[in-house]
Amino acid sequence: MTTDTSSVGGSGATAPSTGSYGSTSGTDTRGSRPLIEDLMVFSLPAEVDALRQEDQYRNGERNSATLAKEVDFRVLLTVLRPGAMLDEQDGDARASVHLLSGSATLSVDDQESELTDNDIAVIDSGRPWILRATGECALLLTLAWPREKAGV
């Protein structure tokens, strides 16, 4: 199955509509959608607001949505309460952490950095890292694996 992308990307080409991973399964509060297309545009403030309204965040310490996913690439939007952590011990992927709002501490090896609104940190592959929210925060996490690690 293909999707005409001429109205989105302007190329007039057709492309697979679902990529290697197809579509999200959807939930009671989120509809199903493709995980990769030629062009995907998101309103981050609206997506953050929606994550904060879901039970997983209202009753817990975090909530996340995968915005894009392909074999060697991921974009995740995450909201965290103070004290919540993301612990990436594998470290195979090169990562960027864009703190959209709030505050957090990022630890990579023996280095520690304080992140605040609109800061972005880039972590090279092969480096495990830990992010701890020091205030309520929203972040965009992008992961890119080397092709040999991604299995492509």
# chains A, B, ... in the order shown; residues from 1 in each chain; ligands from 1
>>> select_by_dssp(residues="chain A", states="strand (DSSP E or B)", output="ChimeraX atom specification")
/A:2-4,14-16,23,34,62-70,73-80,85-88,94-101,103-108,111-116,120-123,129-133,137-144
>>> residues_around(residues="Leu35 of chain A", least_positions_apart="3", cutoff="6 Å", atoms="only C-alpha atoms", output="PDB file with C-alpha atoms, in the first residue's frame")
ATOM      1  CA  SER A  23       1.463   1.941  12.476  1.00  0.00           C
ATOM      2  CA  ALA A  68       8.562   8.410  14.463  1.00  0.00           C
ATOM      3  CA  LYS A  69      10.159   4.986  14.288  1.00  0.00           C
TER       4      LYS A  69
END
>>> atom_distance(atom1="atom CA of Gly83 of chain A", atom2="atom CA of Glu61 of chain A")
8.1 Å
>>> residues_around(residues="segment 87-102 of chain A", least_positions_apart="4", cutoff="9 Å", atoms="only C-alpha atoms", output="ChimeraX atom specification")
/A:44,72-73,115-146,149-150
>>> atom_distance(atom1="atom CA of Ile36 of chain A", atom2="atom CA of Ala65 of chain A")
13.6 Å
>>> atom_distance(atom1="atom CA of Met85 of chain A", atom2="atom CA of Glu54 of chain A")
18.8 Å
>>> closest_residue(among="A:Ser103, A:Gln111, A:Asn63, A:Val71", to="Ala50 of chain A", atoms="only C-alpha atoms")
A:Asn63
>>> decode(residues="segment 14-148 of chain A", atoms="C-alpha atoms", output="tab-separated table (two decimals), in the first residue's frame")
chain	number	residue	atom	x	y	z
A	14	THR	CA	4.34	7.74	-3.74
A	15	ALA	CA	5.95	6.07	-0.76
A	16	PRO	CA	5.20	3.24	1.63
A	17	SER	CA	2.65	4.53	4.10
A	18	THR	CA	3.77	2.44	7.03
A	19	GLY	CA	7.57	1.96	6.95
A	20	SER	CA	9.24	-1.07	8.52
A	21	TYR	CA	7.17	-0.93	11.70
A	22	GLY	CA	3.75	-0.10	10.28
A	23	SER	CA	1.46	1.94	12.48
A	24	THR	CA	0.98	2.49	16.16
A	25	SER	CA	-1.67	0.29	17.71
A	26	GLY	CA	-3.54	3.23	19.19
A	27	THR	CA	-5.10	3.38	22.64
A	28	ASP	CA	-8.34	4.59	24.20
A	29	THR	CA	-6.94	8.13	24.10
A	30	ARG	CA	-4.62	7.96	21.04
A	31	GLY	CA	-5.59	7.03	17.53
A	32	SER	CA	-3.52	4.70	15.36
A	33	ARG	CA	-1.08	6.42	12.96
A	34	PRO	CA	1.88	5.52	10.75
A	35	LEU	CA	5.29	5.49	12.43
A	36	ILE	CA	7.15	6.88	9.41
A	37	GLU	CA	6.13	8.78	6.29
A	38	ASP	CA	7.93	11.02	3.79
A	39	LEU	CA	7.02	14.05	5.92
A	40	MET	CA	5.61	14.09	9.43
A	41	VAL	CA	4.77	17.34	11.24
A	42	PHE	CA	3.80	17.56	14.90
A	43	SER	CA	2.63	20.40	17.11
A	44	LEU	CA	4.87	19.72	20.11
A	45	PRO	CA	2.89	21.90	22.56
A	46	ALA	CA	-0.31	20.05	21.63
A	47	GLU	CA	1.41	16.66	21.88
A	48	VAL	CA	2.88	17.54	25.30
A	49	ASP	CA	-0.52	18.72	26.55
A	50	ALA	CA	-2.13	15.48	25.35
A	51	LEU	CA	0.51	13.35	27.12
A	52	ARG	CA	-0.05	15.23	30.37
A	53	GLN	CA	-3.81	14.60	30.16
A	54	GLU	CA	-3.46	10.83	29.89
A	55	ASP	CA	-3.94	8.60	32.94
A	56	GLN	CA	-0.39	7.24	32.70
A	57	TYR	CA	0.99	10.70	33.52
A	58	ARG	CA	-1.81	11.91	35.79
A	59	ASN	CA	-1.37	8.78	37.95
A	60	GLY	CA	2.34	8.18	37.45
A	61	GLU	CA	5.71	9.81	36.95
A	62	ARG	CA	6.04	9.78	33.15
A	63	ASN	CA	4.35	9.32	29.81
A	64	SER	CA	5.77	8.97	26.30
A	65	ALA	CA	4.72	8.79	22.68
A	66	THR	CA	6.77	7.51	19.77
A	67	LEU	CA	6.44	10.17	17.09
A	68	ALA	CA	8.56	8.41	14.46
A	69	LYS	CA	10.16	4.99	14.29
A	70	GLU	CA	12.26	3.24	11.70
A	71	VAL	CA	14.87	0.49	11.97
A	72	ASP	CA	17.78	2.88	12.71
A	73	PHE	CA	15.89	5.92	14.03
A	74	ARG	CA	13.44	6.92	16.79
A	75	VAL	CA	11.83	10.18	17.90
A	76	LEU	CA	10.11	10.04	21.29
A	77	LEU	CA	8.27	12.75	23.15
A	78	THR	CA	8.33	12.29	26.92
A	79	VAL	CA	6.90	14.15	29.90
A	80	LEU	CA	8.43	13.56	33.34
A	81	ARG	CA	7.59	14.52	36.89
A	82	PRO	CA	10.38	15.65	39.24
A	83	GLY	CA	12.57	12.68	40.21
A	84	ALA	CA	11.60	10.53	37.22
A	85	MET	CA	14.52	9.10	35.25
A	86	LEU	CA	15.41	7.88	31.80
A	87	ASP	CA	18.26	5.37	32.09
A	88	GLU	CA	19.91	4.40	28.81
A	89	GLN	CA	22.48	1.81	29.80
A	90	ASP	CA	22.90	0.33	26.32
A	91	GLY	CA	24.22	3.53	24.75
A	92	ASP	CA	24.45	2.00	21.26
A	93	ALA	CA	22.52	4.86	19.68
A	94	ARG	CA	23.71	8.39	19.14
A	95	ALA	CA	21.13	10.53	20.95
A	96	SER	CA	19.90	14.07	21.22
A	97	VAL	CA	17.90	15.20	24.21
A	98	HIS	CA	16.00	18.43	23.56
A	99	LEU	CA	14.50	19.70	26.79
A	100	LEU	CA	11.42	21.57	25.61
A	101	SER	CA	10.44	22.81	29.05
A	102	GLY	CA	11.38	22.29	32.68
A	103	SER	CA	14.69	21.18	34.13
A	104	ALA	CA	16.74	17.99	34.28
A	105	THR	CA	20.21	16.68	35.03
A	106	LEU	CA	21.95	14.63	32.34
A	107	SER	CA	24.80	12.33	33.35
A	108	VAL	CA	27.14	10.79	30.78
A	109	ASP	CA	30.09	8.83	32.15
A	110	ASP	CA	31.54	11.16	34.83
A	111	GLN	CA	30.12	14.34	33.24
A	112	GLU	CA	26.96	16.01	34.50
A	113	SER	CA	25.01	18.84	32.85
A	114	GLU	CA	22.00	20.82	33.99
A	115	LEU	CA	19.43	21.27	31.23
A	116	THR	CA	16.69	23.90	31.21
A	117	ASP	CA	14.07	25.17	28.75
A	118	ASN	CA	15.09	24.70	25.11
A	119	ASP	CA	18.53	23.22	25.87
A	120	ILE	CA	19.69	20.39	23.65
A	121	ALA	CA	22.35	17.82	24.49
A	122	VAL	CA	23.97	15.45	22.02
A	123	ILE	CA	25.37	12.14	23.29
A	124	ASP	CA	27.73	10.12	21.13
A	125	SER	CA	27.12	6.43	20.56
A	126	GLY	CA	28.73	4.02	22.98
A	127	ARG	CA	27.96	6.23	25.99
A	128	PRO	CA	25.38	5.11	28.55
A	129	TRP	CA	23.47	8.03	30.05
A	130	ILE	CA	20.92	8.92	32.70
A	131	LEU	CA	18.52	11.86	32.69
A	132	ARG	CA	16.81	12.81	35.96
A	133	ALA	CA	13.99	15.36	35.95
A	134	THR	CA	14.64	18.06	38.55
A	135	GLY	CA	11.34	19.75	37.72
A	136	GLU	CA	8.30	18.81	35.68
A	137	CYS	CA	9.65	18.60	32.14
A	138	ALA	CA	8.94	17.73	28.54
A	139	LEU	CA	11.65	16.47	26.20
A	140	LEU	CA	12.17	15.27	22.68
A	141	LEU	CA	14.52	12.30	22.49
A	142	THR	CA	16.01	11.37	19.12
A	143	LEU	CA	17.96	8.14	18.74
A	144	ALA	CA	19.98	7.10	15.70
A	145	TRP	CA	21.73	3.74	15.57
A	146	PRO	CA	24.75	2.97	13.40
A	147	ARG	CA	23.53	0.86	10.48
A	148	GLU	CA	25.48	-2.19	11.64
